[in-house]
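One structure is given here, and the rest of the page talks about it.
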Amino acid sequence: MGAVLGVFSLASWVPCLCSGASCLLCSCCPNSKNSTVTRLIYAFILLLGTVVSCIMLSGGMESQLKKIPGFCEGGFKIKVADIMADKDCDVLVGYKAVYRINFALAVFFFVFFLLMLKVKTSKDPRAAVHNGFWFFKIAAIVGIMVGSFYIPGGHFTTAWFAIGMGGAFFFILIQLVLLVDFAHSWNESWVNRMEEGNPRFWYAALLSLTSCFYILSIVFVGLLYTYYTRPDGCTENKFFISINLILCVVVSIISIHPKVQEHQPRSGLLQSSIITLYTMYLTWSAMSNEPDRSCNPTLWSIITHMTAPTLAPGNSTAPVPTSTPPSKSGHFLDTDNFIGLIVFVLCLLYSSIRNSNNSQVSKLTLSGSDSVILGDATTNGAGDEEDGQPRRVVDNEKEGVQYSYSFFHFMLCLASLYIMMTLTSWYSKWPAVWVKISSSWVCLLLYVWTLVAPLVLTNRDFS
């Protein structure tokens, strides 16, 4: 508990934290937009919660957590592979702490999701709560965290596990939406440079990037077939890899279909190559949760097997690398979960700093028509001063919000659940496999929808 209170102790900033986001920037910081700064602060709060969750997984915290009255009572009610039921508290006490920390974060962001529904401009009184009163919001998070540690286990953990599975599934889909938005924006910038500068140079660069992503995807598929399948087994893995490879080929063909190009001339293979690589990542991430060790080697064992010199005779068969049994002392992240956290951080940062103008995210969430999206050249409030000094944060949402407040908080709520499942290694095996592999199929379906939507919904403007 001391770690929670220590990390979130901001008592010296109380006067500043009671006001808006502009107070949190030092004089050396560049002028920023209120919409961007607020999202970065919320992202920082979520990252702090992630750091605290990691601290709870450290071995030194076990003895302290066991001192909380009733914390080790009730068990988990969840079957965990390779862990004895009577050692739940000894082995998974850190997992229970992670559940409660992210429970507090998820509840906080879900309440704000409901509170911020239909906020249209920063003139709405609720916008002041969204953009300010940081001390009280952080104090509320800490209060929920402390109280959650006294919630009895058992059925609470079981129910929160099911909610976490569903929330993590939808956050994976949101990651895909952000990836599609990034791919479209990147392709847009490349095409603009081709039109403004030397077209041959930029076309060659665009072609090189697209080829690079497809080559990486092909290498990825080859490695998955080599190390995650066997001639006489691993049938599920063979199916997952094959079906996703076929779907990625189909999606790539659709992206350059003449009808699609007619309605979306700037959609193409660059976006499809990025989506293909992400789909292969999701396929690997799903298979890395399988309980069969012969079909689920660790990434480190694969690297060791690839780099080790071949000393065996030519007619001998190289052993398939297998993962080592899980350690029952300590809760260190495996490679899959560590990469998952990196992807989460990148998506969180991108969602916090991206410009909402002409955003694919606003189109997919149908939020663009609900608000006035301001241009980068907006100068409303740029000349404001605060205590005789230039305002560090410009309110660029007086005429219309730059993003959906409620959807942003909903995304952070799902992100909290995704962090919870990732740090606790998704607990069970096969449910996690099917959640991740099904999310890869839905991701491909969502991307195809962004391609064919202009052909289906002809009455909407997708330009």
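Just so we're on the same page: first chain in the structure tokens is A, next is B, and so on; residues restart at 1 for each chain, and ligands are numbered from 1 in the order they show up.
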Open item on the list: Could you go through stretch 195-245 of chain A and tell me which residues DSSP, when run on the backbone, assigns to helix (DSSP H, G or I), listing them as a ChimeraX atom specification?
Closed with: /A:195-196,199-227,235-245
Open item on the list: as a list of chain:residue names, please: the residues near stretch 415-428 of chain A (cut-off 6 Å, only C-alpha atoms, same-chain neighbours under 2 positions excluded).
Closed with: A:Val80, A:Tyr95, A:Asn102, A:Ala106, A:Gly164, A:Gly167, A:Ala168, A:Asn337, A:Leu412, A:Cys413
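A straight line drawn from atom CA of A:Val142 to atom CA of A:Gln175 is 27.4 Å long.
Distance check against A:Ile302 using only C-alpha atoms: of A:Gly166, A:Ser352, A:Glu262, A:Tyr227, the minimum falls on A:Tyr227.
Taking only C-alpha atoms into account, A:Ser272 lies nearest to A:Val448 out of the set A:Ile303, A:Val448, A:Ile163, A:Leu57.
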